[in-house]
$ cat input-v5.csv   # CSV, C-alpha atoms
chain,number,residue,atom,x,y,z
A,323,MET,CA,0.0,0.0,0.0
A,324,ASP,CA,1.4,3.4,-1.0
A,325,ASN,CA,1.2,6.7,0.9
A,326,PRO,CA,-0.6,9.5,-0.8
A,327,PHE,CA,1.6,12.0,-2.7
A,328,VAL,CA,1.5,15.2,-0.6
A,329,ILE,CA,3.3,18.5,-1.2
A,330,ALA,CA,2.8,21.3,1.3
A,331,GLY,CA,-0.4,19.6,2.6
A,332,ARG,CA,-1.9,19.2,-0.8
A,333,THR,CA,-2.6,15.6,-2.0
A,334,PHE,CA,-2.0,14.7,-5.7
A,335,ALA,CA,-3.5,11.6,-7.3
A,336,SER,CA,-0.6,11.2,-9.8
A,337,ARG,CA,3.1,11.2,-9.1
A,338,LEU,CA,3.7,12.4,-12.7
A,339,ILE,CA,3.8,16.1,-13.3
A,340,VAL,CA,3.8,17.3,-16.9
A,341,GLY,CA,4.5,20.5,-18.8
A,342,THR,CA,2.5,22.6,-21.3
A,343,GLY,CA,5.3,23.7,-23.7
A,344,LYS,CA,6.3,22.5,-27.1
A,345,TYR,CA,3.3,20.5,-28.0
A,346,PRO,CA,2.3,20.4,-31.7
A,347,SER,CA,-1.1,22.0,-30.7
A,348,HIS,CA,-3.2,22.9,-27.7
A,349,SER,CA,-5.5,20.1,-28.6
A,350,VAL,CA,-2.7,17.4,-28.6
A,351,MET,CA,-1.6,18.9,-25.3
A,352,ARG,CA,-5.0,18.4,-23.8
A,353,GLN,CA,-5.2,14.8,-24.9
A,354,ALA,CA,-1.7,14.1,-23.6
A,355,HIS,CA,-2.6,15.6,-20.2
A,356,GLU,CA,-5.6,13.3,-20.1
A,357,ALA,CA,-3.5,10.2,-21.1
A,358,SER,CA,-0.8,11.1,-18.5
A,359,GLY,CA,-3.2,11.1,-15.6
A,360,ALA,CA,-1.3,14.1,-14.2
A,361,ASP,CA,-3.2,16.4,-11.9
A,362,MET,CA,-0.5,19.1,-11.8
A,363,VAL,CA,1.0,20.9,-14.9
A,364,THR,CA,3.6,23.6,-15.2
A,365,VAL,CA,3.1,26.8,-17.1
A,366,ALA,CA,5.5,29.7,-17.9
A,367,VAL,CA,4.8,33.4,-17.4
A,368,ARG,CA,5.6,35.6,-20.4
A,369,ARG,CA,4.6,38.9,-22.1
A,370,VAL,CA,1.2,38.9,-23.7
A,371,ASN,CA,1.5,39.1,-27.5
A,372,ILE,CA,0.1,42.6,-28.1
A,373,SER,CA,0.1,42.6,-31.9
A,374,ASP,CA,-1.6,39.2,-32.3
A,375,ARG,CA,-4.6,38.8,-30.0
A,376,SER,CA,-6.1,36.0,-32.2
A,377,ARG,CA,-4.3,33.2,-30.5
A,378,GLU,CA,-6.3,31.2,-28.0
A,379,SER,CA,-5.3,31.1,-24.4
A,380,LEU,CA,-3.4,28.1,-23.2
A,381,LEU,CA,-5.6,28.1,-20.1
A,382,ASP,CA,-8.7,27.3,-22.3
A,383,TYR,CA,-7.1,23.9,-22.8
A,384,ILE,CA,-6.4,23.0,-19.2
A,385,ASP,CA,-9.2,21.6,-17.1
A,386,ASN,CA,-8.6,23.5,-13.9
A,387,THR,CA,-11.3,21.6,-12.0
A,388,ARG,CA,-9.0,18.5,-12.2
A,389,ILE,CA,-5.5,20.0,-12.9
A,390,PHE,CA,-3.5,22.1,-10.5
A,391,LEU,CA,-1.3,24.8,-12.2
A,392,LEU,CA,2.3,25.2,-11.2
A,393,PRO,CA,3.8,28.4,-12.7
A,394,ASN,CA,7.5,28.4,-13.3
A,395,THR,CA,10.3,31.0,-13.5
A,396,ALA,CA,11.9,29.4,-16.5
A,397,GLY,CA,14.5,31.6,-18.3
A,398,CYS,CA,15.3,33.7,-15.2
A,399,TYR,CA,19.0,34.2,-14.6
A,400,THR,CA,18.9,36.3,-11.4
A,401,VAL,CA,17.2,36.3,-8.0
A,402,ASP,CA,15.4,39.5,-8.9
A,403,GLU,CA,14.1,38.2,-12.2
A,404,ALA,CA,12.9,35.0,-10.6
A,405,VAL,CA,11.2,36.7,-7.7
A,406,ARG,CA,9.6,39.3,-10.1
A,407,THR,CA,8.3,36.5,-12.4
A,408,ALA,CA,6.9,34.5,-9.5
A,409,LYS,CA,5.0,37.5,-8.2
A,410,LEU,CA,3.6,38.3,-11.6
A,411,GLY,CA,2.4,34.7,-11.9
A,412,ARG,CA,0.6,34.9,-8.6
A,413,GLU,CA,-0.9,38.2,-9.6
A,414,ALA,CA,-2.1,36.7,-12.9
A,415,GLY,CA,-4.2,34.3,-10.9
A,416,LEU,CA,-1.9,31.3,-11.1
A,417,GLY,CA,-1.8,30.7,-7.4
A,418,ASP,CA,1.0,31.0,-4.8
A,419,TRP,CA,3.0,27.8,-5.8
A,420,VAL,CA,6.0,28.2,-7.9
A,421,LYS,CA,8.5,25.9,-9.7
A,422,LEU,CA,11.5,28.1,-9.0
A,423,GLU,CA,14.2,28.2,-11.7
A,424,VAL,CA,17.3,30.4,-11.5
A,425,ILE,CA,19.5,29.4,-14.3
A,426,GLY,CA,23.3,29.8,-14.2
A,427,ASP,CA,24.3,28.8,-17.7
A,428,GLU,CA,22.7,29.1,-21.2
A,429,ARG,CA,24.1,26.0,-22.8
A,430,THR,CA,23.3,23.5,-20.0
A,431,LEU,CA,20.5,25.4,-18.3
A,432,PHE,CA,22.0,24.2,-15.0
A,433,PRO,CA,20.7,26.0,-12.0
A,434,ASP,CA,22.7,28.7,-10.0
A,435,ASN,CA,22.5,27.0,-6.6
A,436,GLU,CA,23.5,30.1,-4.6
A,437,ALA,CA,20.9,32.3,-6.3
A,438,LEU,CA,18.3,29.5,-6.0
A,439,VAL,CA,18.7,29.3,-2.2
A,440,GLU,CA,18.4,33.1,-1.9
A,441,ALA,CA,15.3,33.3,-4.1
A,442,THR,CA,13.7,30.4,-2.2
A,443,ARG,CA,14.2,32.2,1.1
A,444,ILE,CA,12.7,35.4,-0.3
A,445,LEU,CA,9.7,33.7,-1.9
A,446,VAL,CA,8.9,31.5,1.2
A,447,LYS,CA,9.0,34.6,3.3
A,448,ASP,CA,6.5,36.2,0.9
A,449,GLY,CA,4.1,33.3,1.3
A,450,PHE,CA,4.9,31.2,-1.7
A,451,ILE,CA,5.1,27.4,-1.8
A,452,VAL,CA,8.4,27.0,-3.4
A,453,LEU,CA,9.5,23.9,-5.5
A,454,PRO,CA,13.0,24.6,-6.7
A,455,TYR,CA,14.5,23.0,-9.8
A,456,THR,CA,18.0,22.1,-8.6
A,457,ASN,CA,21.2,20.2,-9.5
A,458,ASP,CA,21.4,16.6,-8.5
A,459,ASP,CA,23.4,17.7,-5.5
A,460,PRO,CA,22.4,16.4,-2.1
A,461,ILE,CA,24.0,19.4,-0.3
A,462,ALA,CA,22.2,21.9,-2.5
A,463,CYS,CA,19.0,20.1,-1.8
A,464,ARG,CA,19.6,20.2,1.9
A,465,LYS,CA,20.2,23.9,1.8
A,466,LEU,CA,17.0,24.5,-0.2
A,467,GLU,CA,15.1,22.5,2.3
A,468,GLU,CA,16.6,24.6,5.1
A,469,ALA,CA,15.6,27.7,3.1
A,470,GLY,CA,11.9,26.5,3.3
A,471,ALA,CA,11.4,24.7,0.0
A,472,SER,CA,8.3,22.5,0.1
A,473,ALA,CA,9.9,19.9,-2.3
A,474,VAL,CA,13.3,19.6,-4.0
A,475,MET,CA,13.4,18.9,-7.8
A,476,PRO,CA,16.8,17.6,-8.8
A,477,LEU,CA,17.5,17.2,-12.5
A,478,GLY,CA,18.1,13.8,-14.0
A,479,ALA,CA,20.0,15.4,-16.9
A,480,PRO,CA,20.0,18.8,-18.7
A,481,ILE,CA,16.5,20.2,-19.5
A,482,GLY,CA,15.2,18.8,-22.8
A,483,SER,CA,18.3,16.5,-23.3
A,484,GLY,CA,16.5,13.2,-23.0
A,485,LEU,CA,19.6,11.6,-21.5
A,486,GLY,CA,17.9,10.0,-18.6
A,487,ILE,CA,19.2,9.8,-15.0
A,488,GLN,CA,22.9,10.6,-15.2
A,489,ASN,CA,23.7,10.1,-11.5
A,490,ALA,CA,21.3,7.6,-10.1
A,491,ASN,CA,23.3,7.3,-6.9
A,492,ASN,CA,22.9,11.0,-6.1
A,493,ILE,CA,19.1,10.8,-6.6
A,494,ALA,CA,19.0,7.9,-4.1
A,495,ILE,CA,21.1,9.9,-1.7
A,496,ILE,CA,18.9,13.0,-2.1
A,497,ARG,CA,15.9,10.8,-1.2
A,498,GLU,CA,17.7,9.6,1.9
A,499,PHE,CA,18.6,13.1,3.0
A,500,SER,CA,15.3,14.9,2.3
A,501,LYS,CA,12.4,15.3,4.6
A,502,VAL,CA,10.4,17.0,1.8
A,503,PRO,CA,9.2,15.3,-1.4
A,504,VAL,CA,11.9,14.7,-4.1
A,505,ILE,CA,10.7,15.2,-7.7
A,506,VAL,CA,13.1,14.3,-10.5
A,507,ASP,CA,12.7,17.2,-12.9
A,508,ALA,CA,14.3,17.3,-16.4
A,509,GLY,CA,16.3,14.9,-18.5
A,510,VAL,CA,13.8,12.1,-19.0
A,511,GLY,CA,13.8,10.7,-22.5
A,512,THR,CA,11.7,7.7,-22.4
A,513,ALA,CA,9.6,5.5,-20.1
A,514,SER,CA,12.4,3.6,-18.5
A,515,ASP,CA,14.0,6.9,-17.3
A,516,ALA,CA,10.9,7.8,-15.5
A,517,ALA,CA,10.6,4.2,-14.0
A,518,LEU,CA,14.2,4.4,-12.9
A,519,ALA,CA,13.6,7.7,-11.1
A,520,MET,CA,10.8,6.2,-9.2
A,521,GLU,CA,12.7,3.0,-8.5
A,522,LEU,CA,15.4,5.1,-6.9
A,523,GLY,CA,12.8,6.4,-4.5
A,524,ALA,CA,11.8,9.7,-6.0
A,525,ASP,CA,8.3,10.8,-4.9
A,526,GLY,CA,7.4,12.1,-8.3
A,527,VAL,CA,8.7,12.9,-11.8
A,528,LEU,CA,8.3,16.1,-13.8
A,529,MET,CA,8.7,16.1,-17.6
A,530,ASN,CA,7.8,18.2,-20.6
A,531,THR,CA,9.9,17.5,-23.7
A,532,ALA,CA,9.9,13.7,-23.4
A,533,ILE,CA,6.1,13.8,-24.0
A,534,ALA,CA,5.6,16.9,-26.0
A,535,GLY,CA,8.5,16.1,-28.4
A,536,ALA,CA,7.7,12.5,-28.9
A,537,GLN,CA,6.4,11.5,-32.3
A,538,GLU,CA,3.2,10.4,-30.7
A,539,PRO,CA,2.8,12.6,-27.6
A,540,VAL,CA,-0.5,11.2,-26.4
A,541,GLN,CA,0.8,7.6,-26.5
A,542,MET,CA,4.0,8.6,-24.8
A,543,ALA,CA,2.0,10.3,-22.1
A,544,SER,CA,0.3,7.0,-21.4
A,545,ALA,CA,3.7,5.2,-21.4
A,546,MET,CA,5.0,7.7,-18.8
A,547,LYS,CA,1.9,7.2,-16.7
A,548,HIS,CA,2.5,3.4,-16.6
A,549,ALA,CA,6.3,3.9,-16.1
A,550,VAL,CA,5.8,6.1,-13.1
A,551,LEU,CA,3.3,3.6,-11.6
A,552,ALA,CA,5.6,0.6,-12.3
A,553,GLY,CA,8.7,2.3,-10.9
A,554,ARG,CA,6.8,3.3,-7.8
A,555,LEU,CA,5.4,-0.2,-7.2
A,556,ALA,CA,8.9,-1.7,-7.8
A,557,TYR,CA,10.4,0.7,-5.3
A,558,LEU,CA,7.8,-0.1,-2.7
A,559,SER,CA,8.1,-3.9,-3.4
A,560,GLY,CA,11.8,-4.0,-2.4
A,561,ARG,CA,13.9,-5.3,-5.3
A,562,ILE,CA,16.2,-8.3,-5.0
A,563,PRO,CA,19.9,-7.6,-4.4
A,564,ARG,CA,22.2,-7.6,-7.4
A,565,ARG,CA,24.5,-10.7,-7.6
A,566,MET,CA,27.5,-11.5,-9.7
A,567,TYR,CA,26.5,-15.1,-10.5
A,568,ALA,CA,23.3,-17.0,-11.3
A,569,THR,CA,20.9,-18.5,-8.8
A,570,ALA,CA,18.6,-21.0,-10.5
A,571,SER,CA,14.9,-20.3,-10.5
A,572,SER,CA,13.9,-23.9,-11.1
A,573,PRO,CA,14.6,-26.8,-8.7
A,574,VAL,CA,17.9,-28.5,-9.1
A,575,GLU,CA,16.5,-31.8,-7.8
A,576,GLY,CA,14.4,-34.2,-9.9
A,577,MET,CA,16.1,-33.6,-13.2
A,578,VAL,CA,15.1,-36.2,-15.9
A,579,GLY,CA,17.7,-38.9,-16.5
A,580,ARG,CA,20.0,-38.1,-13.6
B,1065,MET,CA,2.0,60.5,-25.8
B,1066,LEU,CA,4.4,57.5,-25.9
B,1067,ILE,CA,4.6,54.6,-23.5
B,1068,THR,CA,6.7,51.4,-23.5
B,1069,LEU,CA,4.4,48.4,-23.6
B,1070,ASN,CA,6.1,45.0,-23.3
B,1071,GLY,CA,9.4,46.5,-24.4
B,1072,GLU,CA,8.0,48.2,-27.5
B,1073,SER,CA,7.0,51.9,-28.0
B,1074,TYR,CA,3.3,52.3,-28.1
B,1075,GLN,CA,1.4,55.5,-29.1
B,1076,LEU,CA,-1.6,56.7,-27.1
B,1077,ASP,CA,-3.7,59.9,-27.7
B,1078,GLN,CA,-4.1,60.7,-24.0
B,1079,PRO,CA,-3.6,59.3,-20.5
B,1080,LEU,CA,-6.0,56.4,-19.8
B,1081,THR,CA,-6.7,53.8,-17.1
B,1082,VAL,CA,-5.3,50.3,-17.2
B,1083,SER,CA,-8.8,48.9,-17.7
B,1084,ALA,CA,-9.3,51.2,-20.7
B,1085,LEU,CA,-6.0,50.1,-22.2
B,1086,LEU,CA,-6.8,46.4,-21.7
B,1087,ALA,CA,-10.2,46.9,-23.4
B,1088,ARG,CA,-8.5,48.6,-26.3
B,1089,LEU,CA,-6.0,45.7,-26.6
B,1090,GLU,CA,-8.8,43.2,-26.3
B,1091,ILE,CA,-7.1,41.5,-23.3
B,1092,ASP,CA,-9.1,39.7,-20.7
B,1093,PRO,CA,-8.1,41.4,-17.4
B,1094,ARG,CA,-8.8,38.2,-15.4
B,1095,ARG,CA,-5.9,36.3,-17.0
B,1096,VAL,CA,-3.0,38.8,-16.9
B,1097,ALA,CA,-0.7,40.5,-14.4
B,1098,ILE,CA,0.6,44.0,-15.0
B,1099,GLU,CA,3.7,45.8,-13.9
B,1100,HIS,CA,3.4,49.6,-14.1
B,1101,ASN,CA,6.9,51.3,-13.9
B,1102,LEU,CA,8.2,48.1,-12.2
B,1103,GLU,CA,5.5,47.9,-9.6
B,1104,ILE,CA,2.9,45.2,-9.8
B,1105,ILE,CA,-0.5,46.8,-9.8
B,1106,ARG,CA,-3.4,45.0,-8.1
B,1107,ARG,CA,-6.3,43.9,-10.2
B,1108,ARG,CA,-8.7,46.0,-8.1
B,1109,THR,CA,-6.9,49.1,-9.1
B,1110,PHE,CA,-7.0,48.5,-12.9
B,1111,GLU,CA,-10.1,50.8,-13.0
B,1112,THR,CA,-8.3,53.7,-11.3
B,1113,ALA,CA,-4.6,53.4,-12.2
B,1114,VAL,CA,-3.8,55.9,-14.9
B,1115,ILE,CA,-1.1,55.4,-17.6
B,1116,LYS,CA,0.8,58.6,-18.4
B,1117,ASP,CA,3.4,59.7,-21.0
B,1118,GLY,CA,6.7,57.8,-20.6
B,1119,ASP,CA,5.3,55.0,-18.5
B,1120,ARG,CA,6.6,51.5,-18.8
B,1121,LEU,CA,4.1,48.6,-18.8
B,1122,GLU,CA,4.6,44.9,-18.7
B,1123,ILE,CA,1.5,42.7,-19.4
B,1124,VAL,CA,2.1,39.0,-18.8
B,1125,ASN,CA,0.0,35.8,-18.9
B,1126,ALA,CA,0.5,32.1,-18.7
B,1127,VAL,CA,2.0,30.3,-21.7
B,1128,GLY,CA,3.2,26.8,-22.4
B,1129,GLY,CA,6.3,25.8,-20.4
B,1130,GLY,CA,8.0,22.9,-18.5

$ encode --input "input-v5.csv" --output "structure tokens"
Amino acid sequence: MDNPFVIAGRTFASRLIVGTGKYPSHSVMRQAHEASGADMVTVAVRRVNISDRSRESLLDYIDNTRIFLLPNTAGCYTVDEAVRTAKLGREAGLGDWVKLEVIGDERTLFPDNEALVEATRILVKDGFIVLPYTNDDPIACRKLEEAGASAVMPLGAPIGSGLGIQNANNIAIIREFSKVPVIVDAGVGTASDAALAMELGADGVLMNTAIAGAQEPVQMASAMKHAVLAGRLAYLSGRIPRRMYATASSPVEGMVGR
Amino acid sequence: MLITLNGESYQLDQPLTVSALLARLEIDPRRVAIEHNLEIIRRRTFETAVIKDGDRLEIVNAVGGG
């Protein structure tokens, strides 16, 4: 029997959190969300397109009676930018939760840990529920937790890279260290990556490109749903230890002709 | 008069309220947040906050992201 997935006192039905970017269309996104079973999705906060008001709003394609919105601060490179973006998201009616990103490098999109901790402290003080996107570094995660983060979200690999979990041992250590939920965020390429994250003990997985960029996003969303469930069940079931040599599954006695 | 709207120059005939500007731009006020000269303005003051010559406005909303 599993415990419910709770972040900051709020219970989620699914341990899979998905994004809303890069889908071929809003309609495919909606179908993928449905197939994923996710009840939390991330959104970005950006300038309204003033010259073209014809485009439909993303929010028309998200069932907010079932799905909880998690605005992010993607693309922010400083504490000030991230705090400003979080506050604008809250003011736009997106709630007081934030997936906090403070990026330190353009090519890798790796987080700036120092700035992340500072921004976490500021936003927590301002009443936000902060879920920081962080390096797969147990010490950084500990500092974020001390700064008041409601979950820690270590990366599996660079955002959008599809490389899978690069440092499985660190994810397992972060799970050991953390009192708050651990959500592996970024780097998932296919279903086995999501399953591995869960087998390592992650409480949840967050992904965008792996689903939105797949050739069949809706089908991949369904694959991810099953992978997260399978990985979680395997984690809870207690896997067998790894051994160097074989141990026979069938009886060694009663062989024919011996 | 000239204001800066989402980083671009934008021409207005005269000072007007934030509500009036949103109506003119056909933007639903319930789904945006607005910074007026770097200060977030509360939704309840959209009706009364007046935009003047040289002001800087940022109007943001939710878009797809991960």

$ closest_atom_pairs --input "input-v5.csv" --of "chain A" --to "chain B" --cutoff "6 Å" --atoms "all atoms listed in the file" --output "JSON lines"
{"residue": "A:Gly341", "atom": "CA", "partner": "B:Gly1130", "partner_atom": "CA", "distance": 4.3}
{"residue": "A:Thr342", "atom": "CA", "partner": "B:Gly1128", "partner_atom": "CA", "distance": 4.4}
{"residue": "A:Gly343", "atom": "CA", "partner": "B:Gly1128", "partner_atom": "CA", "distance": 4.0}
{"residue": "A:Thr364", "atom": "CA", "partner": "B:Gly1130", "partner_atom": "CA", "distance": 5.5}
{"residue": "A:Val365", "atom": "CA", "partner": "B:Gly1129", "partner_atom": "CA", "distance": 4.7}
{"residue": "A:Ala366", "atom": "CA", "partner": "B:Gly1129", "partner_atom": "CA", "distance": 4.7}
{"residue": "A:Val367", "atom": "CA", "partner": "B:Ala1126", "partner_atom": "CA", "distance": 4.7}
{"residue": "A:Arg368", "atom": "CA", "partner": "B:Val1124", "partner_atom": "CA", "distance": 5.1}
{"residue": "A:Arg369", "atom": "CA", "partner": "B:Val1124", "partner_atom": "CA", "distance": 4.1}
{"residue": "A:Val370", "atom": "CA", "partner": "B:Val1124", "partner_atom": "CA", "distance": 5.0}
{"residue": "A:Leu410", "atom": "CA", "partner": "B:Ala1097", "partner_atom": "CA", "distance": 5.6}
{"residue": "A:Glu413", "atom": "CA", "partner": "B:Ala1097", "partner_atom": "CA", "distance": 5.3}
{"residue": "A:Ala414", "atom": "CA", "partner": "B:Ala1097", "partner_atom": "CA", "distance": 4.3}
{"residue": "A:Asn530", "atom": "CA", "partner": "B:Gly1130", "partner_atom": "CA", "distance": 5.2}

$ closest_residue --input "input-v5.csv" --among "A:Gln537, A:Asn492, A:Gln353, A:Thr456" --to "A:Tyr383" --atoms "only C-alpha atoms"
A:Gln353

$ residues_around --input "input-v5.csv" --residues "stretch 510-518 of chain A" --least-positions-apart "4" --cutoff "6 Å" --atoms "only C-alpha atoms" --output "VMD selection string"
chain A and resid 484 to 486 532 546 549 to 550 553

$ residues_around --input "input-v5.csv" --residues "B:Asp1077" --least-positions-apart "2" --cutoff "8 Å" --atoms "all atoms listed in the file" --output "MDAnalysis selection string"
chainID B and resid 1065 1075 1079

$ residues_around --input "input-v5.csv" --residues "A:Ser500" --least-positions-apart "3" --cutoff "8 Å" --atoms "all atoms listed in the file" --output "PyMOL selection string"
chain A and resi 463-464+467+496-497+503-504

$ atom_distance --input "input-v5.csv" --atom1 "atom CA of A:Asn457" --atom2 "atom CA of A:Thr333"
25.4 Å

$ residues_around --input "input-v5.csv" --residues "A:Val340" --least-positions-apart "3" --cutoff "8 Å" --atoms "all atoms listed in the file" --output "list in words"
His355, Ser358, Ala360, Met362, Val363, Thr364, Leu528, Met529 and Asn530 of chain A; Gly1130 of chain B
